[in-house]
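Source file start.txt; content: compact mmCIF, N, CA and C atoms and all ligand atoms.
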# COMPACT_ATOMS: atom_id res chain seq x y z
N MET A 2 42.21 119.72 -14.66
CA MET A 2 42.17 121.02 -15.34
C MET A 2 40.74 121.54 -15.38
N GLN A 3 40.63 122.81 -15.19
CA GLN A 3 39.31 123.43 -15.25
C GLN A 3 39.17 124.20 -16.55
N VAL A 4 38.03 124.12 -17.18
CA VAL A 4 37.80 124.88 -18.40
C VAL A 4 36.62 125.83 -18.18
N ARG A 5 36.74 127.02 -18.77
CA ARG A 5 35.66 127.99 -18.68
C ARG A 5 35.51 128.65 -20.05
N PHE A 6 34.33 128.59 -20.62
CA PHE A 6 34.16 129.18 -21.95
C PHE A 6 32.73 129.67 -22.13
N ASN A 7 32.57 130.57 -23.08
CA ASN A 7 31.23 131.05 -23.40
C ASN A 7 30.59 130.06 -24.35
N CYS A 8 29.34 129.75 -24.12
CA CYS A 8 28.62 128.79 -24.96
C CYS A 8 28.70 129.25 -26.42
N PRO A 9 29.15 128.37 -27.33
CA PRO A 9 29.30 128.78 -28.74
C PRO A 9 27.97 128.90 -29.50
N THR A 10 26.88 128.49 -28.91
CA THR A 10 25.59 128.60 -29.59
C THR A 10 25.22 130.07 -29.78
N GLU A 11 24.80 130.41 -30.98
CA GLU A 11 24.45 131.80 -31.26
C GLU A 11 23.27 132.24 -30.39
N GLY A 12 23.41 133.38 -29.76
CA GLY A 12 22.33 133.89 -28.93
C GLY A 12 22.35 133.39 -27.50
N CYS A 13 23.17 132.39 -27.24
CA CYS A 13 23.27 131.88 -25.88
C CYS A 13 24.48 132.54 -25.22
N VAL A 14 24.29 133.09 -24.04
CA VAL A 14 25.38 133.83 -23.40
C VAL A 14 25.94 133.12 -22.18
N ALA A 15 25.58 131.85 -22.04
CA ALA A 15 26.00 131.12 -20.85
C ALA A 15 27.51 131.01 -20.76
N LEU A 16 28.01 131.17 -19.54
CA LEU A 16 29.43 130.95 -19.27
C LEU A 16 29.51 129.56 -18.65
N ILE A 17 30.11 128.65 -19.37
CA ILE A 17 30.15 127.27 -18.92
C ILE A 17 31.48 126.99 -18.22
N GLU A 18 31.37 126.42 -17.02
CA GLU A 18 32.57 126.10 -16.27
C GLU A 18 32.55 124.62 -15.96
N MET A 19 33.64 123.97 -16.21
CA MET A 19 33.69 122.53 -16.00
C MET A 19 35.00 122.13 -15.37
N GLU A 20 34.93 121.32 -14.35
CA GLU A 20 36.14 120.79 -13.75
C GLU A 20 35.87 119.38 -13.26
N PRO A 21 36.64 118.41 -13.64
CA PRO A 21 37.71 118.56 -14.64
C PRO A 21 37.14 118.57 -16.06
N LEU A 22 37.97 118.95 -16.97
CA LEU A 22 37.61 118.92 -18.37
C LEU A 22 37.41 117.45 -18.77
N PRO A 23 36.28 117.13 -19.40
CA PRO A 23 36.04 115.72 -19.76
C PRO A 23 37.00 115.26 -20.86
N VAL A 24 38.07 114.60 -20.48
CA VAL A 24 39.08 114.22 -21.46
C VAL A 24 38.76 112.91 -22.16
N ALA A 25 37.67 112.27 -21.75
CA ALA A 25 37.30 111.03 -22.42
C ALA A 25 36.58 111.32 -23.73
N GLY A 26 36.23 112.58 -23.96
CA GLY A 26 35.63 112.95 -25.23
C GLY A 26 34.12 113.12 -25.20
N GLU A 27 33.52 113.00 -24.02
CA GLU A 27 32.08 113.19 -23.98
C GLU A 27 31.74 114.68 -24.12
N PRO A 28 30.65 115.02 -24.79
CA PRO A 28 30.33 116.44 -25.00
C PRO A 28 29.92 117.15 -23.71
N ILE A 29 30.10 118.47 -23.72
CA ILE A 29 29.67 119.29 -22.59
C ILE A 29 28.29 119.82 -22.95
N ILE A 30 27.35 119.64 -22.07
CA ILE A 30 26.00 120.13 -22.35
C ILE A 30 25.80 121.48 -21.68
N CYS A 31 25.41 122.46 -22.49
CA CYS A 31 25.22 123.81 -21.95
C CYS A 31 24.03 123.81 -21.00
N PRO A 32 24.21 124.35 -19.78
CA PRO A 32 23.10 124.35 -18.82
C PRO A 32 21.97 125.29 -19.23
N ARG A 33 22.23 126.21 -20.18
CA ARG A 33 21.23 127.19 -20.54
C ARG A 33 20.44 126.76 -21.79
N CYS A 34 21.17 126.51 -22.90
CA CYS A 34 20.46 126.17 -24.14
C CYS A 34 20.37 124.66 -24.34
N ARG A 35 20.97 123.91 -23.47
CA ARG A 35 20.89 122.44 -23.49
C ARG A 35 21.50 121.80 -24.73
N LYS A 36 22.27 122.57 -25.47
CA LYS A 36 22.92 122.00 -26.66
C LYS A 36 24.24 121.34 -26.25
N PRO A 37 24.52 120.16 -26.79
CA PRO A 37 25.81 119.54 -26.49
C PRO A 37 26.92 120.16 -27.33
N HIS A 38 28.08 120.33 -26.73
CA HIS A 38 29.23 120.86 -27.46
C HIS A 38 30.35 119.84 -27.41
N ALA A 39 30.80 119.47 -28.59
CA ALA A 39 31.84 118.46 -28.68
C ALA A 39 33.13 118.98 -28.07
N VAL A 40 33.85 118.13 -27.39
CA VAL A 40 35.15 118.47 -26.83
C VAL A 40 36.19 117.71 -27.63
N HIS A 41 37.08 118.47 -28.29
CA HIS A 41 38.10 117.83 -29.12
C HIS A 41 39.35 117.62 -28.30
N VAL A 42 39.48 116.41 -27.81
CA VAL A 42 40.60 116.10 -26.93
C VAL A 42 41.80 115.63 -27.74
N THR A 43 42.90 116.35 -27.62
CA THR A 43 44.11 115.96 -28.34
C THR A 43 44.93 115.00 -27.49
N GLU A 44 45.91 114.40 -28.12
CA GLU A 44 46.79 113.47 -27.43
C GLU A 44 47.51 114.15 -26.26
N ALA A 45 48.02 115.36 -26.52
CA ALA A 45 48.76 116.10 -25.49
C ALA A 45 47.86 116.40 -24.30
N LEU A 46 46.61 116.69 -24.58
CA LEU A 46 45.66 117.01 -23.52
C LEU A 46 45.39 115.78 -22.65
N ARG A 47 45.22 114.66 -23.32
CA ARG A 47 44.89 113.44 -22.60
C ARG A 47 46.07 112.93 -21.79
N THR A 48 47.25 112.94 -22.39
CA THR A 48 48.39 112.30 -21.71
C THR A 48 49.24 113.26 -20.90
N GLU A 49 49.35 114.53 -21.33
CA GLU A 49 50.25 115.45 -20.62
C GLU A 49 49.53 116.57 -19.90
N ASN A 50 48.20 116.64 -20.05
CA ASN A 50 47.45 117.72 -19.43
C ASN A 50 47.86 119.08 -20.03
N ARG A 51 48.25 119.05 -21.29
CA ARG A 51 48.77 120.25 -21.95
C ARG A 51 47.81 120.63 -23.08
N VAL A 52 47.42 121.92 -23.13
CA VAL A 52 46.47 122.38 -24.14
C VAL A 52 47.24 122.82 -25.39
N ASP A 53 47.44 121.93 -26.34
CA ASP A 53 48.15 122.33 -27.56
C ASP A 53 47.18 122.87 -28.61
N ALA A 54 45.91 122.54 -28.44
CA ALA A 54 44.87 123.09 -29.31
C ALA A 54 43.61 123.23 -28.46
N CYS A 55 42.82 124.27 -28.75
CA CYS A 55 41.62 124.50 -27.96
C CYS A 55 40.63 123.36 -28.16
N PRO A 56 40.23 122.69 -27.08
CA PRO A 56 39.28 121.58 -27.24
C PRO A 56 37.87 122.04 -27.61
N ILE A 57 37.60 123.33 -27.48
CA ILE A 57 36.27 123.82 -27.79
C ILE A 57 36.15 124.19 -29.28
N CYS A 58 37.11 124.96 -29.80
CA CYS A 58 37.00 125.43 -31.19
C CYS A 58 38.14 124.92 -32.08
N ARG A 59 39.03 124.13 -31.54
CA ARG A 59 40.14 123.53 -32.27
C ARG A 59 41.22 124.52 -32.73
N CYS A 60 41.12 125.76 -32.27
CA CYS A 60 42.13 126.74 -32.63
C CYS A 60 43.47 126.32 -32.03
N ARG A 61 44.55 126.49 -32.78
CA ARG A 61 45.86 126.08 -32.28
C ARG A 61 46.65 127.24 -31.70
N GLU A 62 46.07 128.42 -31.67
CA GLU A 62 46.78 129.56 -31.11
C GLU A 62 46.20 129.92 -29.75
N LEU A 63 47.05 129.83 -28.76
CA LEU A 63 46.62 130.14 -27.40
C LEU A 63 47.70 130.97 -26.73
N PHE A 64 47.32 131.69 -25.72
CA PHE A 64 48.33 132.46 -24.99
C PHE A 64 48.22 132.17 -23.50
N ILE A 65 49.26 132.57 -22.80
CA ILE A 65 49.33 132.31 -21.36
C ILE A 65 49.31 133.64 -20.61
N ARG A 66 48.50 133.72 -19.60
CA ARG A 66 48.56 134.92 -18.78
C ARG A 66 48.49 134.51 -17.31
N LYS A 67 48.95 135.41 -16.46
CA LYS A 67 48.89 135.15 -15.03
C LYS A 67 47.44 135.26 -14.59
N ASP A 68 47.07 134.38 -13.68
CA ASP A 68 45.68 134.36 -13.21
C ASP A 68 45.51 135.38 -12.10
N PHE A 69 45.83 136.63 -12.40
CA PHE A 69 45.83 137.67 -11.37
C PHE A 69 44.43 138.24 -11.16
N PRO A 70 43.97 138.26 -9.91
CA PRO A 70 42.66 138.87 -9.67
C PRO A 70 42.80 140.39 -9.77
N GLN A 71 42.55 140.94 -10.95
CA GLN A 71 42.86 142.35 -11.19
C GLN A 71 42.14 143.30 -10.24
N LYS A 72 40.89 142.97 -9.92
CA LYS A 72 40.14 143.85 -9.01
C LYS A 72 40.78 143.87 -7.63
N ALA A 73 41.23 142.71 -7.16
CA ALA A 73 41.86 142.63 -5.85
C ALA A 73 43.15 143.44 -5.85
N GLY A 74 43.93 143.30 -6.91
CA GLY A 74 45.19 144.02 -7.00
C GLY A 74 44.96 145.53 -6.98
N LEU A 75 43.94 145.95 -7.71
CA LEU A 75 43.63 147.38 -7.78
C LEU A 75 43.14 147.90 -6.43
N LEU A 76 42.32 147.09 -5.77
CA LEU A 76 41.77 147.48 -4.48
C LEU A 76 42.88 147.71 -3.47
N ILE A 77 43.86 146.82 -3.45
CA ILE A 77 44.99 146.96 -2.52
C ILE A 77 45.71 148.28 -2.76
N VAL A 78 45.93 148.59 -4.03
CA VAL A 78 46.65 149.83 -4.37
C VAL A 78 45.83 151.06 -3.98
N VAL A 79 44.52 151.02 -4.25
CA VAL A 79 43.67 152.17 -3.94
C VAL A 79 43.60 152.40 -2.43
N VAL A 80 43.39 151.31 -1.67
CA VAL A 80 43.32 151.44 -0.21
C VAL A 80 44.64 151.98 0.34
N ALA A 81 45.76 151.46 -0.17
CA ALA A 81 47.07 151.91 0.29
C ALA A 81 47.28 153.39 -0.04
N ALA A 82 46.83 153.80 -1.22
CA ALA A 82 46.99 155.20 -1.63
C ALA A 82 46.21 156.14 -0.72
N ILE A 83 45.00 155.70 -0.34
CA ILE A 83 44.15 156.53 0.53
C ILE A 83 44.81 156.68 1.91
N ILE A 84 45.24 155.54 2.48
CA ILE A 84 45.88 155.59 3.80
C ILE A 84 47.16 156.42 3.73
N SER A 85 47.92 156.20 2.68
CA SER A 85 49.19 156.91 2.51
C SER A 85 48.95 158.41 2.41
N PHE A 86 47.93 158.79 1.66
CA PHE A 86 47.62 160.20 1.47
C PHE A 86 47.17 160.83 2.80
N ALA A 87 46.34 160.07 3.54
CA ALA A 87 45.80 160.59 4.80
C ALA A 87 46.88 160.77 5.86
N THR A 88 47.92 159.95 5.80
CA THR A 88 48.94 159.99 6.85
C THR A 88 50.21 160.72 6.40
N PHE A 89 50.19 161.24 5.18
CA PHE A 89 51.41 161.80 4.60
C PHE A 89 52.01 162.94 5.44
N ARG A 90 51.17 163.83 5.91
CA ARG A 90 51.67 164.99 6.66
C ARG A 90 51.99 164.66 8.11
N THR A 91 51.17 163.75 8.71
CA THR A 91 51.34 163.49 10.13
C THR A 91 52.29 162.34 10.42
N HIS A 92 52.16 161.26 9.68
CA HIS A 92 53.00 160.09 9.94
C HIS A 92 53.74 159.70 8.66
N PHE A 93 54.80 160.36 8.42
CA PHE A 93 55.55 160.18 7.18
C PHE A 93 55.99 158.73 6.96
N ALA A 94 56.52 158.10 8.02
CA ALA A 94 57.02 156.73 7.90
C ALA A 94 55.88 155.76 7.61
N VAL A 95 54.73 155.97 8.30
CA VAL A 95 53.57 155.11 8.07
C VAL A 95 53.13 155.22 6.62
N SER A 96 53.12 156.44 6.14
CA SER A 96 52.68 156.71 4.79
C SER A 96 53.48 155.90 3.77
N TRP A 97 54.80 155.93 3.88
CA TRP A 97 55.65 155.18 2.96
C TRP A 97 55.57 153.68 3.22
N GLY A 98 55.44 153.33 4.52
CA GLY A 98 55.35 151.91 4.88
C GLY A 98 54.15 151.24 4.24
N VAL A 99 53.01 151.95 4.25
CA VAL A 99 51.78 151.40 3.67
C VAL A 99 51.96 151.19 2.18
N LEU A 100 52.56 152.14 1.52
CA LEU A 100 52.78 152.00 0.07
C LEU A 100 53.70 150.82 -0.24
N GLY A 101 54.77 150.71 0.57
CA GLY A 101 55.71 149.61 0.37
C GLY A 101 55.04 148.27 0.60
N ALA A 102 54.19 148.19 1.64
CA ALA A 102 53.48 146.95 1.94
C ALA A 102 52.57 146.56 0.79
N ALA A 103 51.89 147.55 0.20
CA ALA A 103 50.97 147.27 -0.90
C ALA A 103 51.73 146.68 -2.10
N VAL A 104 52.88 147.25 -2.37
CA VAL A 104 53.70 146.74 -3.49
C VAL A 104 54.13 145.30 -3.20
N LEU A 105 54.53 145.04 -1.95
CA LEU A 105 54.96 143.70 -1.57
C LEU A 105 53.82 142.69 -1.69
N ILE A 106 52.64 143.09 -1.20
CA ILE A 106 51.48 142.19 -1.26
C ILE A 106 51.17 141.84 -2.72
N ASP A 107 51.18 142.85 -3.58
CA ASP A 107 50.92 142.61 -4.99
C ASP A 107 51.96 141.65 -5.58
N LEU A 108 53.20 141.84 -5.19
CA LEU A 108 54.28 141.00 -5.70
C LEU A 108 54.10 139.55 -5.26
N VAL A 109 53.75 139.38 -3.98
CA VAL A 109 53.57 138.03 -3.45
C VAL A 109 52.40 137.33 -4.16
N ILE A 110 51.31 138.05 -4.34
CA ILE A 110 50.17 137.47 -5.06
C ILE A 110 50.62 137.04 -6.46
N TYR A 111 51.37 137.92 -7.10
CA TYR A 111 51.83 137.64 -8.45
C TYR A 111 52.67 136.37 -8.52
N LEU A 112 53.52 136.18 -7.51
CA LEU A 112 54.40 135.02 -7.52
C LEU A 112 53.66 133.74 -7.16
N LEU A 113 52.63 133.87 -6.35
CA LEU A 113 51.94 132.67 -5.86
C LEU A 113 50.90 132.14 -6.83
N ILE A 114 50.31 133.02 -7.60
CA ILE A 114 49.20 132.59 -8.44
C ILE A 114 49.69 131.79 -9.64
N GLY A 115 48.83 131.00 -10.17
CA GLY A 115 49.18 130.18 -11.32
C GLY A 115 48.93 130.91 -12.63
N THR A 116 49.01 130.17 -13.70
CA THR A 116 48.77 130.76 -15.01
C THR A 116 47.49 130.19 -15.63
N VAL A 117 46.96 130.93 -16.56
CA VAL A 117 45.79 130.48 -17.31
C VAL A 117 46.19 130.40 -18.77
N THR A 118 45.80 129.33 -19.44
CA THR A 118 45.99 129.24 -20.88
C THR A 118 44.68 129.69 -21.51
N VAL A 119 44.76 130.64 -22.45
CA VAL A 119 43.54 131.19 -23.05
C VAL A 119 43.59 131.02 -24.57
N CYS A 120 42.44 130.65 -25.15
CA CYS A 120 42.33 130.47 -26.59
C CYS A 120 42.11 131.84 -27.25
N TYR A 121 42.91 132.14 -28.29
CA TYR A 121 42.75 133.42 -28.99
C TYR A 121 41.38 133.52 -29.66
N ALA A 122 40.92 132.43 -30.21
CA ALA A 122 39.70 132.47 -31.02
C ALA A 122 38.43 132.57 -30.20
N CYS A 123 38.26 131.69 -29.22
CA CYS A 123 36.98 131.67 -28.50
C CYS A 123 37.12 132.13 -27.05
N ARG A 124 38.33 132.46 -26.63
CA ARG A 124 38.60 132.96 -25.28
C ARG A 124 38.28 131.95 -24.18
N ALA A 125 38.29 130.69 -24.53
CA ALA A 125 38.13 129.67 -23.50
C ALA A 125 39.35 129.71 -22.60
N GLU A 126 39.14 129.52 -21.30
CA GLU A 126 40.24 129.57 -20.34
C GLU A 126 40.49 128.20 -19.72
N PHE A 127 41.75 127.86 -19.58
CA PHE A 127 42.11 126.57 -19.01
C PHE A 127 43.02 126.79 -17.81
N ARG A 128 42.51 126.38 -16.64
CA ARG A 128 43.30 126.52 -15.42
C ARG A 128 43.83 125.16 -14.99
N GLY A 129 45.03 125.18 -14.45
CA GLY A 129 45.61 123.94 -13.96
C GLY A 129 46.19 123.08 -15.05
N ALA A 130 46.44 123.66 -16.22
CA ALA A 130 47.04 122.90 -17.31
C ALA A 130 48.55 123.00 -17.24
N THR A 131 49.23 122.02 -17.81
CA THR A 131 50.69 122.11 -17.93
C THR A 131 50.98 123.16 -19.00
N PRO A 132 51.77 124.20 -18.66
CA PRO A 132 52.01 125.24 -19.67
C PRO A 132 52.73 124.67 -20.89
N ASP A 133 52.28 125.08 -22.05
CA ASP A 133 52.91 124.65 -23.29
C ASP A 133 54.03 125.64 -23.62
N PRO A 134 55.27 125.14 -23.79
CA PRO A 134 56.39 126.08 -24.05
C PRO A 134 56.21 126.87 -25.34
N LYS A 135 55.34 126.42 -26.22
CA LYS A 135 55.11 127.14 -27.48
C LYS A 135 54.27 128.39 -27.26
N HIS A 136 53.51 128.41 -26.18
CA HIS A 136 52.61 129.53 -25.95
C HIS A 136 53.34 130.70 -25.30
N GLU A 137 52.98 131.90 -25.76
CA GLU A 137 53.59 133.10 -25.19
C GLU A 137 52.51 133.94 -24.55
N GLY A 138 52.92 135.14 -24.11
CA GLY A 138 51.95 136.07 -23.54
C GLY A 138 51.02 136.58 -24.62
N PHE A 139 50.03 137.34 -24.20
CA PHE A 139 49.03 137.87 -25.12
C PHE A 139 49.66 138.76 -26.18
N ASP A 140 49.25 138.57 -27.42
CA ASP A 140 49.79 139.35 -28.53
C ASP A 140 48.62 139.97 -29.28
N LEU A 141 48.57 141.30 -29.27
CA LEU A 141 47.42 142.01 -29.85
C LEU A 141 47.28 141.74 -31.35
N ALA A 142 48.40 141.70 -32.06
CA ALA A 142 48.34 141.48 -33.51
C ALA A 142 47.72 140.12 -33.83
N ARG A 143 48.09 139.13 -33.06
CA ARG A 143 47.51 137.79 -33.26
C ARG A 143 46.03 137.80 -32.92
N SER A 144 45.72 138.49 -31.84
CA SER A 144 44.36 138.52 -31.36
C SER A 144 43.41 139.12 -32.38
N GLU A 145 43.92 140.10 -33.14
CA GLU A 145 43.06 140.80 -34.09
C GLU A 145 42.70 139.97 -35.30
N LYS A 146 43.39 138.86 -35.48
CA LYS A 146 43.02 137.94 -36.57
C LYS A 146 41.63 137.34 -36.34
N TYR A 147 41.25 137.27 -35.06
CA TYR A 147 40.01 136.58 -34.75
C TYR A 147 38.84 137.54 -34.53
ZN ZN B 1 24.28 127.56 -24.49
ZN ZN B 2 38.94 128.09 -28.70
As structure tokens, how would this structure be written, given the file I've shared?
Amino acid sequence: MQVRFNCPTEGCVALIEMEPLPVAGEPIICPRCRKPHAVHVTEALRTENRVDACPICRCRELFIRKDFPQKAGLLIVVVAAIISFATFRTHFAVSWGVLGAAVLIDLVIYLLIGTVTVCYACRAEFRGATPDPKHEGFDLARSEKY
């Protein structure tokens, strides 16, 4: 499992990425401020590779989202729209074909990509974890608690 989180030290803006997550319990040392950060490894994390509580801030509320490269998805749509617009009057079939292809590509990416488990409190991201059935999609009301 890969973990990515913002260094919790005040004033430090480092984005720390670690793979694999040290499940033996050794602290993660920030490459920028050099402060060690304790990793709270739960039983589920150690044995099932499942994030039932955030190992960085111990928050028990996490959500799951698709690991969709949003910029890539947007780029495909924009490029398709431009081609479609340019060919609309001259090549009607091409115009619709390009739009249809863009939708299909987006769909395939969506189906192929994995999920990310994200902590509501500190926004730490966990890739390659076993999804926890208790976790749902992002909920704005919950998010505003933090
Ligand atoms: Zn730091
Ligand atoms: Zn957290």
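For ligand ZN 1 (chain B), the neighbouring protein, DNA and RNA residues, which are those within 8 Å when only N, CA and C atoms and all ligand atoms are counted, are A:Asn7, A:Cys8, A:Pro9, A:Thr10, A:Glu11, A:Gly12, A:Cys13, A:Val14, A:Ala15, A:Leu16, A:Ile17, A:Ile30, A:Cys31, A:Pro32, A:Arg33, A:Cys34, A:Arg35, A:Lys36, A:Pro37.
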- Query: Of the candidates A:Ser96, A:Asn50, A:Thr116, A:Ser144, which one gets nearest to A:Met2 if we count only N, CA and C atoms?
  - Reply: A:Asn50
Any residue with an atom at most 6 Å from ligand ZN 2 (chain B) counts, using only C-alpha atoms and all ligand atoms. Which are they? Put them as a JSON list (two decimals) with N, CA and C atoms, in the frame of the given file.
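Saved as selection08.json:
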[["chain", "number", "residue", "atom", "x", "y", "z"],
["A", 55, "CYS", "N", 42.82, 124.27, -28.75],
["A", 55, "CYS", "CA", 41.62, 124.50, -27.96],
["A", 55, "CYS", "C", 40.63, 123.36, -28.16],
["A", 57, "ILE", "N", 37.60, 123.33, -27.48],
["A", 57, "ILE", "CA", 36.27, 123.82, -27.79],
["A", 57, "ILE", "C", 36.15, 124.19, -29.28],
["A", 58, "CYS", "N", 37.11, 124.96, -29.80],
["A", 58, "CYS", "CA", 37.00, 125.43, -31.19],
["A", 58, "CYS", "C", 38.14, 124.92, -32.08],
["A", 59, "ARG", "N", 39.03, 124.13, -31.54],
["A", 59, "ARG", "CA", 40.14, 123.53, -32.27],
["A", 59, "ARG", "C", 41.22, 124.52, -32.73],
["A", 60, "CYS", "N", 41.12, 125.76, -32.27],
["A", 60, "CYS", "CA", 42.13, 126.74, -32.63],
["A", 60, "CYS", "C", 43.47, 126.32, -32.03],
["A", 120, "CYS", "N", 42.44, 130.65, -25.15],
["A", 120, "CYS", "CA", 42.33, 130.47, -26.59],
["A", 120, "CYS", "C", 42.11, 131.84, -27.25],
["A", 122, "ALA", "N", 40.92, 132.43, -30.21],
["A", 122, "ALA", "CA", 39.70, 132.47, -31.02],
["A", 122, "ALA", "C", 38.43, 132.57, -30.20],
["A", 123, "CYS", "N", 38.26, 131.69, -29.22],
["A", 123, "CYS", "CA", 36.98, 131.67, -28.50],
["A", 123, "CYS", "C", 37.12, 132.13, -27.05],
["A", 124, "ARG", "N", 38.33, 132.46, -26.63],
["A", 124, "ARG", "CA", 38.60, 132.96, -25.28],
["A", 124, "ARG", "C", 38.28, 131.95, -24.18],
["A", 125, "ALA", "N", 38.29, 130.69, -24.53],
["A", 125, "ALA", "CA", 38.13, 129.67, -23.50],
["A", 125, "ALA", "C", 39.35, 129.71, -22.60]]
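Atom CA of A:Ile77 lies 11.1 Å from atom CA of A:Ile110.
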- Query: Quick one: distance from atom N of A:Phe89 to atom C of A:Ala102 in Å, one decimal?
  - Reply: 15.5 Å
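Note that atom CA of A:Leu46 and atom CA of A:Val24 are 7.4 Å apart.
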- Message: Just checking: using only C-alpha atoms, which residue out of A:Pro70, A:Pro56, A:Pro23, A:Pro134 ends up closest to A:Tyr111?
- Response: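 Between A:Pro70, A:Pro56, A:Pro23, A:Pro134, the residue approaching A:Tyr111 most closely is A:Pro70.
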- Query: Using only N, CA and C atoms, can you list as a VMD selection string the residues within 7 Å of (51.6, 126.0, -20.2)?
  - Reply: chain A and resid 51 to 52 65 118 130 to 134 136
Select from stretch 23-129 of chain A every residue with an atom at most 8 Å from any atom of stretch 138-142 of chain A, then for each give the shortest pair of atoms and their distance in Å to one decimal, using all atoms listed in the file, rows by chain and rising number, as a Markdown table.
| residue | atom | partner | partner_atom | distance |
| --- | --- | --- | --- | --- |
| A:Leu63 | C | A:Gly138 | C | 6.9 |
| A:Phe64 | CA | A:Gly138 | C | 4.9 |
| A:Ile65 | N | A:Gly138 | CA | 4.5 |
| A:Arg66 | N | A:Gly138 | CA | 5.7 |
| A:Lys67 | N | A:Gly138 | CA | 7.7 |
Generate the output file for the selected residues, N, CA and C atoms, as an mmCIF file, in the frame of the given file.
data_model
loop_
_atom_site.group_PDB
_atom_site.id
_atom_site.type_symbol
_atom_site.label_atom_id
_atom_site.label_comp_id
_atom_site.auth_asym_id
_atom_site.auth_seq_id
_atom_site.Cartn_x
_atom_site.Cartn_y
_atom_site.Cartn_z
ATOM 1 N N LEU A 63 47.050 129.830 -28.760
ATOM 2 C CA LEU A 63 46.620 130.140 -27.400
ATOM 3 C C LEU A 63 47.700 130.970 -26.730
ATOM 4 N N PHE A 64 47.320 131.690 -25.720
ATOM 5 C CA PHE A 64 48.330 132.460 -24.990
ATOM 6 C C PHE A 64 48.220 132.170 -23.500
ATOM 7 N N ILE A 65 49.260 132.570 -22.800
ATOM 8 C CA ILE A 65 49.330 132.310 -21.360
ATOM 9 C C ILE A 65 49.310 133.640 -20.610
ATOM 10 N N ARG A 66 48.500 133.720 -19.600
ATOM 11 C CA ARG A 66 48.560 134.920 -18.780
ATOM 12 C C ARG A 66 48.490 134.510 -17.310
ATOM 13 N N LYS A 67 48.950 135.410 -16.460
ATOM 14 C CA LYS A 67 48.890 135.150 -15.030
ATOM 15 C C LYS A 67 47.440 135.260 -14.590
#
- Message: So, with all atoms listed in the file as the atoms that count, which of A:Val117, A:Lys72, A:Leu105, A:Glu126 lies closest to A:Gln3?
- Response: A:Glu126
Select from chain A everything DSSP, run on the backbone, classes as strand (DSSP E), then give the selection as a short mmCIF file (atom, residue, chain, number, x, y, z; two decimals) with N, CA and C atoms, in the frame of the given file.
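Here's the written file out19.cif:
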data_model
loop_
_atom_site.label_atom_id
_atom_site.label_comp_id
_atom_site.auth_asym_id
_atom_site.auth_seq_id
_atom_site.Cartn_x
_atom_site.Cartn_y
_atom_site.Cartn_z
N GLN A 3 40.63 122.81 -15.19
CA GLN A 3 39.31 123.43 -15.25
C GLN A 3 39.17 124.20 -16.55
N VAL A 4 38.03 124.12 -17.18
CA VAL A 4 37.80 124.88 -18.40
C VAL A 4 36.62 125.83 -18.18
N ARG A 5 36.74 127.02 -18.77
CA ARG A 5 35.66 127.99 -18.68
C ARG A 5 35.51 128.65 -20.05
N PHE A 6 34.33 128.59 -20.62
CA PHE A 6 34.16 129.18 -21.95
C PHE A 6 32.73 129.67 -22.13
N ASN A 7 32.57 130.57 -23.08
CA ASN A 7 31.23 131.05 -23.40
C ASN A 7 30.59 130.06 -24.35
N LEU A 16 28.01 131.17 -19.54
CA LEU A 16 29.43 130.95 -19.27
C LEU A 16 29.51 129.56 -18.65
N ILE A 17 30.11 128.65 -19.37
CA ILE A 17 30.15 127.27 -18.92
C ILE A 17 31.48 126.99 -18.22
N GLU A 18 31.37 126.42 -17.02
CA GLU A 18 32.57 126.10 -16.27
C GLU A 18 32.55 124.62 -15.96
N MET A 19 33.64 123.97 -16.21
CA MET A 19 33.69 122.53 -16.00
C MET A 19 35.00 122.13 -15.37
N ILE A 29 30.10 118.47 -23.72
CA ILE A 29 29.67 119.29 -22.59
C ILE A 29 28.29 119.82 -22.95
N ILE A 30 27.35 119.64 -22.07
CA ILE A 30 26.00 120.13 -22.35
C ILE A 30 25.80 121.48 -21.68
N PRO A 37 24.52 120.16 -26.79
CA PRO A 37 25.81 119.54 -26.49
C PRO A 37 26.92 120.16 -27.33
N HIS A 38 28.08 120.33 -26.73
CA HIS A 38 29.23 120.86 -27.46
C HIS A 38 30.35 119.84 -27.41
N LEU A 63 47.05 129.83 -28.76
CA LEU A 63 46.62 130.14 -27.40
C LEU A 63 47.70 130.97 -26.73
N PHE A 64 47.32 131.69 -25.72
CA PHE A 64 48.33 132.46 -24.99
C PHE A 64 48.22 132.17 -23.50
N ILE A 65 49.26 132.57 -22.80
CA ILE A 65 49.33 132.31 -21.36
C ILE A 65 49.31 133.64 -20.61
N ARG A 66 48.50 133.72 -19.60
CA ARG A 66 48.56 134.92 -18.78
C ARG A 66 48.49 134.51 -17.31
N LYS A 67 48.95 135.41 -16.46
CA LYS A 67 48.89 135.15 -15.03
C LYS A 67 47.44 135.26 -14.59
N THR A 116 49.01 130.17 -13.70
CA THR A 116 48.77 130.76 -15.01
C THR A 116 47.49 130.19 -15.63
N VAL A 117 46.96 130.93 -16.56
CA VAL A 117 45.79 130.48 -17.31
C VAL A 117 46.19 130.40 -18.77
N THR A 118 45.80 129.33 -19.44
CA THR A 118 45.99 129.24 -20.88
C THR A 118 44.68 129.69 -21.51
N VAL A 119 44.76 130.64 -22.45
CA VAL A 119 43.54 131.19 -23.05
C VAL A 119 43.59 131.02 -24.57
N CYS A 120 42.44 130.65 -25.15
CA CYS A 120 42.33 130.47 -26.59
C CYS A 120 42.11 131.84 -27.25
N GLU A 126 39.14 129.52 -21.30
CA GLU A 126 40.24 129.57 -20.34
C GLU A 126 40.49 128.20 -19.72
N PHE A 127 41.75 127.86 -19.58
CA PHE A 127 42.11 126.57 -19.01
C PHE A 127 43.02 126.79 -17.81
N ARG A 128 42.51 126.38 -16.64
CA ARG A 128 43.30 126.52 -15.42
C ARG A 128 43.83 125.16 -14.99
#
- Task: Check the DSSP output for the backbone and give back, as an MDAnalysis selection string, the residues of stretch 7-145 of chain A in helix (DSSP H, G or I).
- Result: chainID A and resid 44:49 71:88 93:113 141:144
How big is the axis-aligned box around the listed atoms of stretch 123-126 of chain A once 6 Å is added on each side, and where is its centre? Give both in Å to one decimal, as lines of an AutoDock Vina configuration file.
center_x = 38.7
center_y = 130.6
center_z = -24.5
size_x = 15.5
size_y = 16.8
size_z = 21.5
